[in-house]
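Following: one structure in structure tokens, then a few remarks.
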Amino acid sequence: MQPVTQAGGSPPAGPLVALTDVHMAFGAVRALDGVSLTISPGECIGLIGHNGAGKSTAVNVINGGLTPTGGSVEYTLPNGGTGRGAAVARSCGVRSVFQELSLCPNLTVEETIRVPHRDLGGFGWRKTARKRISSALDRVFPGHGIDPGATVGDLTLAERQMVEIATGFAEGSIAARLVILDEPTSSLDSAVAKQLLDHVRAFCAAGGAVVFISHMLGEVFDVATRIDVMKDGKVIVSGAASEFTQQGLIDAMGHVAGLKAKAATSTGRGSHIGEEVLTTPDGLSARRGEIVGLAGLAGHGQAEALARFFMSRSAGLRHTRNPEVTFVAGDRGRDGVMALWSILQNLTLTTLPKLLRGGLVDRKAEVVLADDWRKKIGIRTDNMNNPILSLSGGNQQKVLFARSLASSAPIVVMDDPMRGVDVGTKQEAYEMIRQEAEAGRTFLWYSTETDEVIQCDRVFVFRNGQISAELTGTDISEENILAASFEMHEAAS
Amino acid sequence: MSAKYRILLPVLSLAVLLAAVFYLQPRTMSYFGLNLLFNLAVPIALATIAQMMIIMVNDIDLSIGTFISFVACVTATFLYDAPLLGGAILFAAILVYAAMGALIHIRQLPAIVVTLGMSFVWAGLAVLLLPSPGGAAPGWIRTLMTTKPPLVPMAVVACVLIAAVTHILIMRSATGTLLRAVGGNAQAVARAGWSVMKLKAGAYALAGFFGVLSGICLVGLTTSADANIALRYTLLSIAGVILGGGEFTGGRISPVGAVIGALTLSLAGSFLSFMRLSPDWQIGAQGAILILVLAVRLVFNRSGSKWKEAKNG
């Protein structure tokens, strides 16, 4: 285990942060509706809940980014005093690692730490910055292989997430005492995620506190000492992690759809699959109505393979009413969402050629189509003309699903679309994908989560940019996928 | 393309163009010839740096040309007659730039509109000051611009100096890093507790400062001013930033590249004169050179993994 020093010193007896009956309203929307919770040194709190439950708002209230409209948030300073507000939160050592990557892609790894670390400056600040980020990376992710002089934009998604997490744990003039991790493992493969979980445990053991938000319940059970379940802006259940079971948590969050659906479809699996519709030079192939999974460790060429295929079938000067393939983005900010557009406009983007009447967009038909999909897929909004960014991450993802599924394209390419999406939404999406597949659509699905991949009809495992195994039927299991992903790493070492 | 190689293309374009000029007119390969070639590049380089400060924070400044014209008019009149008052006016102009940056951020206005509006204000003020060409350059700036350092002409020394100072200021210093961070991800900067408004105002103030330097240098070279003296600097400065490896969004800029870009652009003018191209065609030809360089850059960017660039860009 790596030594953890920055949370050292004798922790004050009281809680680090205490929320008392916090209310937060954005206009008519009540994001938090009376949340009370305390975070004490040495605790790792697993905060779970489905999209829109108020987790992100809670995080922003805890770190001082938002001032609640009711109730109070009080921080205990290292010297024992108490205070409120964002500045106090910072001097109290509260750090946040956000769900959407919040690094500056134009800076180098060492330069990024300048943004949160206000004390860096003067001659030789770069050396200090490099030392801080390198030692944090070495501590949290031993063997990470990230050059502190590299430009962030040139890193892979997983590496960027690692840098972001390391920044949260890095030493500074104010030591980290409470680190809030919002979906920290969404882009990490399981080996790297495990390093993080180990570090979180060590950090808490040394007297630090962590708020750990994840949709991967296994991880939450792995690290959390206490689990708080949020629903509709309230903490509905709170207790020691040992008191819960995974099923119990899913039930508490209000989604019981879960496991039954999985069992139901496995019987009908395969009967609707037709002739081969695609093969690529990489060795990918898929048949009509098939759900093909792309597995393996994150960043081993799956996304690139999808992109190459998608470009080969869609690039061209003509836009068409009936595209051959459509793309569901996983990195919503970069590949998916038109940030300034409304939900409606985002949803109908791919289908616009079909909504033309005399060369102009038929507004009525557009509204009808969007409303149709809102109901079908359960987008949580009362007005489709709201800006897309008013939706939570999972609901934005639903819009992106709807955008692709509303088109007539027979092949759907999905680039890890479930990143940061809650369990309930996931189950709904799985169901939808299965129905669409039965209706004859082909899915190419890259996922970093094993439990998604094992639902596929066929799985290609990627390693170092190449397909290392093709699994079908009963061969599709976590063990086989892991074996195919790791084999060469062991041979090389 | 990673930042390390970003600078290669501007350097290469300048080298190619310089070689072509030397080939066409070998007499330029001298102290005097180089000074003539690059003399007018100094104010353009400063204007390009000013524009770069704005592009750094994801905005664009359409008023820099008229602003420099205004500064030139102030330099040739007030700064000549009453240095203290002239200095105060120029300082106030920098404050106006800072205020403009703050306003653009607070009201979330498009910079392109605000600066376009301001360009008419500066142009109007310049005409009020000097309705007809005239004025005189203060002695000290005239002396500075016509100094003849040993070995290397003043124009080259000045450009190297500008590049070095702004490189340290923007690329190396902690504050410069923060300013670039605003261009890269303003939300992240705000979340870390910084005032993006102050940072943007700072970037605009820097732009104003370098704009003032540009105007003063220009008068030092021309010895008199005119209300329309630097109108073409607006587009030249934008082209210079892009030519130097900068990008319109994302805080990806290079001060050294920007200076090289400015040099390339001013050299392109001389090159076309040596080609005996009629002045009517020169602007078009300059544009063609610009497009050529940018096309080459695109090819550079695409080589390697096409998707990886999109993936990580």
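Naming scheme: A, B, ... for chains in displayed order of the structure tokens; residues 1 onward per chain; ligands 1 onward as shown.
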Considering only C-alpha atoms, tabulate each residue of chain A that lies at most 9 Å from chain B along with its nearest interatomic pair and the corresponding distance in Å to one decimal; arrange the rows by chain and ascending residue number and present them as JSON lines.
```
{"residue": "A:Gly65", "atom": "CA", "partner": "B:Arg191", "partner_atom": "CA", "distance": 6.9}
{"residue": "A:Ala86", "atom": "CA", "partner": "B:Gly193", "partner_atom": "CA", "distance": 7.6}
{"residue": "A:Ala87", "atom": "CA", "partner": "B:Gly193", "partner_atom": "CA", "distance": 7.6}
{"residue": "A:Arg90", "atom": "CA", "partner": "B:Gly193", "partner_atom": "CA", "distance": 8.5}
{"residue": "A:Leu101", "atom": "CA", "partner": "B:Ala188", "partner_atom": "CA", "distance": 8.9}
{"residue": "A:Ser102", "atom": "CA", "partner": "B:Ala188", "partner_atom": "CA", "distance": 5.3}
{"residue": "A:Leu103", "atom": "CA", "partner": "B:Ala188", "partner_atom": "CA", "distance": 6.6}
{"residue": "A:Cys104", "atom": "CA", "partner": "B:Gly184", "partner_atom": "CA", "distance": 4.6}
{"residue": "A:Pro105", "atom": "CA", "partner": "B:Gly184", "partner_atom": "CA", "distance": 5.9}
{"residue": "A:Asn106", "atom": "CA", "partner": "B:Gly184", "partner_atom": "CA", "distance": 5.6}
{"residue": "A:Leu107", "atom": "CA", "partner": "B:Ala181", "partner_atom": "CA", "distance": 6.9}
{"residue": "A:Glu111", "atom": "CA", "partner": "B:Thr177", "partner_atom": "CA", "distance": 6.8}
{"residue": "A:Thr112", "atom": "CA", "partner": "B:Ala181", "partner_atom": "CA", "distance": 7.8}
{"residue": "A:Arg114", "atom": "CA", "partner": "B:Ala174", "partner_atom": "CA", "distance": 7.0}
{"residue": "A:Val115", "atom": "CA", "partner": "B:Val189", "partner_atom": "CA", "distance": 6.1}
{"residue": "A:Pro116", "atom": "CA", "partner": "B:Ala192", "partner_atom": "CA", "distance": 5.0}
{"residue": "A:His117", "atom": "CA", "partner": "B:Ala192", "partner_atom": "CA", "distance": 8.2}
{"residue": "A:Arg118", "atom": "CA", "partner": "B:Ala192", "partner_atom": "CA", "distance": 8.6}
{"residue": "A:Leu120", "atom": "CA", "partner": "B:Ala174", "partner_atom": "CA", "distance": 6.9}
{"residue": "A:Gly121", "atom": "CA", "partner": "B:Ala174", "partner_atom": "CA", "distance": 5.1}
{"residue": "A:Gly122", "atom": "CA", "partner": "B:Ala174", "partner_atom": "CA", "distance": 7.0}
{"residue": "A:Phe123", "atom": "CA", "partner": "B:Ser173", "partner_atom": "CA", "distance": 8.0}
{"residue": "A:Trp125", "atom": "CA", "partner": "B:Ala174", "partner_atom": "CA", "distance": 7.0}
{"residue": "A:Arg126", "atom": "CA", "partner": "B:Ala174", "partner_atom": "CA", "distance": 8.0}
{"residue": "A:Ala150", "atom": "CA", "partner": "B:Ser2", "partner_atom": "CA", "distance": 8.4}
{"residue": "A:Thr151", "atom": "CA", "partner": "B:Ser2", "partner_atom": "CA", "distance": 6.9}
{"residue": "A:Val152", "atom": "CA", "partner": "B:Asn312", "partner_atom": "CA", "distance": 8.5}
{"residue": "A:Gly153", "atom": "CA", "partner": "B:Asn312", "partner_atom": "CA", "distance": 5.3}
{"residue": "A:Asp154", "atom": "CA", "partner": "B:Asn312", "partner_atom": "CA", "distance": 5.5}
{"residue": "A:Leu155", "atom": "CA", "partner": "B:Asn312", "partner_atom": "CA", "distance": 6.5}
{"residue": "A:Thr156", "atom": "CA", "partner": "B:Asn312", "partner_atom": "CA", "distance": 6.4}
{"residue": "A:Leu157", "atom": "CA", "partner": "B:Asn312", "partner_atom": "CA", "distance": 7.5}
{"residue": "A:Ala303", "atom": "CA", "partner": "B:Lys311", "partner_atom": "CA", "distance": 8.7}
{"residue": "A:Glu304", "atom": "CA", "partner": "B:Trp307", "partner_atom": "CA", "distance": 6.6}
{"residue": "A:Ala307", "atom": "CA", "partner": "B:Trp307", "partner_atom": "CA", "distance": 7.0}
{"residue": "A:Arg308", "atom": "CA", "partner": "B:Trp307", "partner_atom": "CA", "distance": 7.6}
{"residue": "A:Arg334", "atom": "CA", "partner": "B:Lys311", "partner_atom": "CA", "distance": 8.5}
{"residue": "A:Asp335", "atom": "CA", "partner": "B:Lys311", "partner_atom": "CA", "distance": 8.8}
```
Note to self: Taking 6 positions as the minimum chain separation for residues in the same chain, which residues sit within 12 Å of range 373-380 of chain A when counting only C-alpha atoms? Answer as a PyMOL selection string.
What the structure shows: chain A and resi 29+51-53+343-344+347-348+366-367+386+388+390-407+424-433
Given the selection you just returned, output its residues as a file containing C-alpha atoms, formatted as a CSV table (one decimal), in the first residue's frame.
```
chain,number,residue,atom,x,y,z
A,29,VAL,CA,-37.2,22.8,-9.8
A,51,ASN,CA,-30.1,10.7,-12.4
A,52,GLY,CA,-31.8,13.8,-11.2
A,53,ALA,CA,-31.9,12.6,-7.6
A,343,ILE,CA,-33.7,19.4,-26.1
A,344,LEU,CA,-36.0,19.2,-29.1
A,347,LEU,CA,-33.2,15.1,-30.4
A,348,THR,CA,-34.3,15.7,-34.0
A,366,GLU,CA,-40.6,17.9,-35.4
A,367,VAL,CA,-42.6,18.6,-32.2
A,386,ASN,CA,-35.6,23.9,-22.5
A,388,ILE,CA,-30.3,20.5,-23.3
A,390,SER,CA,-30.8,21.8,-18.1
A,391,LEU,CA,-31.1,18.0,-18.1
A,392,SER,CA,-29.0,15.7,-15.9
A,393,GLY,CA,-26.3,13.7,-17.6
A,394,GLY,CA,-28.4,10.5,-17.9
A,395,ASN,CA,-31.3,12.4,-19.4
A,396,GLN,CA,-29.0,14.1,-21.9
A,397,GLN,CA,-27.9,10.6,-22.9
A,398,LYS,CA,-31.5,9.5,-23.4
A,399,VAL,CA,-31.9,12.4,-25.8
A,400,LEU,CA,-28.8,11.1,-27.7
A,401,PHE,CA,-30.3,7.6,-27.8
A,402,ALA,CA,-33.5,9.0,-29.1
A,403,ARG,CA,-31.7,11.0,-31.7
A,404,SER,CA,-30.2,7.9,-33.2
A,405,LEU,CA,-33.1,5.5,-32.7
A,406,ALA,CA,-35.5,7.9,-34.3
A,407,SER,CA,-33.6,7.6,-37.6
A,424,GLY,CA,-32.6,2.6,-13.7
A,425,THR,CA,-31.9,4.5,-17.0
A,426,LYS,CA,-29.5,1.8,-17.9
A,427,GLN,CA,-32.1,-1.0,-17.5
A,428,GLU,CA,-34.5,1.1,-19.6
A,429,ALA,CA,-31.8,1.5,-22.3
A,430,TYR,CA,-30.9,-2.2,-22.3
A,431,GLU,CA,-34.6,-3.1,-22.8
A,432,MET,CA,-34.9,-0.6,-25.6
A,433,ILE,CA,-31.7,-1.9,-27.3
```
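Within the 10 Å cut-off around Gly269 in chain B, using only C-alpha atoms and omitting residues fewer than 2 positions from it on the same chain, the listed residues are Leu37, Thr264, Leu265, Ser266, Leu267, Phe271, Leu272, Ser273, Phe274, Met275, Leu277, Pro279, Gln282, Ile283, Ala285 and Gln286 of chain B.
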Next item on the list: Give the alpha helix (DSSP H) residues of range 117-242 of chain A, as DSSP finds them on the backbone, and put them as an NGL selection string.
Entry: :A and (125-140 or 157-169 or 190-205 or 217-223)
Go ahead and save the picked residues with C-alpha atoms, as a short mmCIF file (atom, residue, chain, number, x, y, z; two decimals), in the first residue's frame.
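Output below, filename again11.cif:
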```cif
data_model
loop_
_atom_site.label_atom_id
_atom_site.label_comp_id
_atom_site.auth_asym_id
_atom_site.auth_seq_id
_atom_site.Cartn_x
_atom_site.Cartn_y
_atom_site.Cartn_z
CA TRP A 125 6.35 27.28 -9.83
CA ARG A 126 6.48 24.76 -12.64
CA LYS A 127 8.91 22.56 -10.71
CA THR A 128 6.61 22.55 -7.68
CA ALA A 129 3.60 21.85 -9.88
CA ARG A 130 5.37 18.96 -11.60
CA LYS A 131 6.39 17.49 -8.25
CA ARG A 132 2.87 17.72 -6.88
CA ILE A 133 1.12 16.12 -9.82
CA SER A 134 3.77 13.45 -10.41
CA SER A 135 3.85 12.33 -6.81
CA ALA A 136 0.05 12.28 -6.66
CA LEU A 137 -0.15 10.22 -9.86
CA ASP A 138 2.53 7.84 -8.60
CA ARG A 139 0.70 7.45 -5.32
CA VAL A 140 -2.80 6.90 -6.66
CA LEU A 157 -10.01 9.87 -21.79
CA ALA A 158 -8.87 7.44 -19.10
CA GLU A 159 -5.55 9.24 -18.65
CA ARG A 160 -7.33 12.56 -18.37
CA GLN A 161 -9.57 11.15 -15.69
CA MET A 162 -6.52 9.85 -13.84
CA VAL A 163 -4.92 13.30 -13.97
CA GLU A 164 -8.09 14.85 -12.68
CA ILE A 165 -8.33 12.41 -9.78
CA ALA A 166 -4.65 12.84 -8.95
CA THR A 167 -5.17 16.61 -8.87
CA GLY A 168 -7.83 16.07 -6.23
CA PHE A 169 -5.45 14.10 -4.03
CA SER A 190 -11.12 -2.21 -13.84
CA ALA A 191 -7.42 -2.51 -13.01
CA VAL A 192 -6.95 1.25 -12.76
CA ALA A 193 -10.27 1.64 -10.94
CA LYS A 194 -9.00 -0.84 -8.35
CA GLN A 195 -5.89 1.29 -7.79
CA LEU A 196 -8.16 4.23 -7.12
CA LEU A 197 -10.34 2.28 -4.69
CA ASP A 198 -7.22 1.13 -2.83
CA HIS A 199 -6.04 4.69 -2.57
CA VAL A 200 -9.40 5.91 -1.32
CA ARG A 201 -9.34 3.31 1.44
CA ALA A 202 -5.80 4.28 2.43
CA PHE A 203 -6.67 7.97 2.34
CA CYS A 204 -9.62 7.45 4.66
CA ALA A 205 -7.60 5.22 6.95
CA LEU A 217 -22.57 -0.50 -6.83
CA GLY A 218 -19.78 -3.02 -6.49
CA GLU A 219 -17.29 -0.19 -6.15
CA VAL A 220 -19.42 1.64 -3.65
CA PHE A 221 -19.60 -1.48 -1.48
CA ASP A 222 -15.89 -1.88 -1.92
CA VAL A 223 -14.87 1.47 -0.44
#
```
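One distance worth recording is that between CA of Val157 in chain B and CA of Gly215 in chain B, which is 18.3 Å.
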Wanna dump the range 128-228 of chain B-range 39-48 of chain B contacts at 9 Å for me, each residue with its shortest atom pair and the distance in Å to one decimal, counting only C-alpha atoms, ordered by chain and number, as a tab-separated table?
```
residue	atom	partner	partner_atom	distance
B:Met145	CA	B:Asn39	CA	8.8
B:Pro153	CA	B:Asn39	CA	9.0
B:Met154	CA	B:Asn39	CA	7.9
B:Ala155	CA	B:Asn39	CA	5.1
B:Val156	CA	B:Asn39	CA	8.2
B:Ala158	CA	B:Val42	CA	6.8
B:Cys159	CA	B:Val42	CA	6.2
B:Ile162	CA	B:Leu46	CA	7.5
B:Ala163	CA	B:Ala45	CA	8.8
B:Ala207	CA	B:Ala47	CA	8.3
B:Phe210	CA	B:Leu46	CA	5.8
B:Gly211	CA	B:Ala47	CA	5.5
B:Val212	CA	B:Ala47	CA	8.8
B:Leu213	CA	B:Leu46	CA	6.8
B:Ser214	CA	B:Pro43	CA	4.4
B:Gly215	CA	B:Pro43	CA	6.8
B:Ile216	CA	B:Pro43	CA	8.2
B:Cys217	CA	B:Pro43	CA	5.8
B:Leu218	CA	B:Pro43	CA	5.6
B:Leu221	CA	B:Leu40	CA	7.5
```
Checklist line | Residue list (strand (DSSP E or B), DSSP) for range 90-333 of chain A, as a PyMOL selection string | finding: chain A and resi 94-97+108+151+178-182+209-213+226-231+234-240+276-279+285-287+291-296+325-328
Pick out the residues sitting within 7 Å of Ile48 in chain A, and hand them over as a short mmCIF file (atom, residue, chain, number, x, y, z; two decimals) with C-alpha atoms, in the first residue's frame; count only C-alpha atoms, and ignore anything fewer than 6 positions along from it in its own chain.
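Heads up, here's the output in selection_29.cif:
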```
data_model
loop_
_atom_site.label_atom_id
_atom_site.label_comp_id
_atom_site.auth_asym_id
_atom_site.auth_seq_id
_atom_site.Cartn_x
_atom_site.Cartn_y
_atom_site.Cartn_z
CA ILE A 213 -20.44 8.84 -6.13
CA SER A 214 -20.70 5.93 -8.49
CA HIS A 215 -23.28 3.96 -10.38
CA ASP A 228 -26.46 7.48 1.61
CA VAL A 229 -29.19 6.88 -0.93
CA MET A 230 -30.70 9.94 -2.55
#
```
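Taking CA of Phe98 in chain A and CA of Gly330 in chain A as the two end points, the separation is 16.4 Å.
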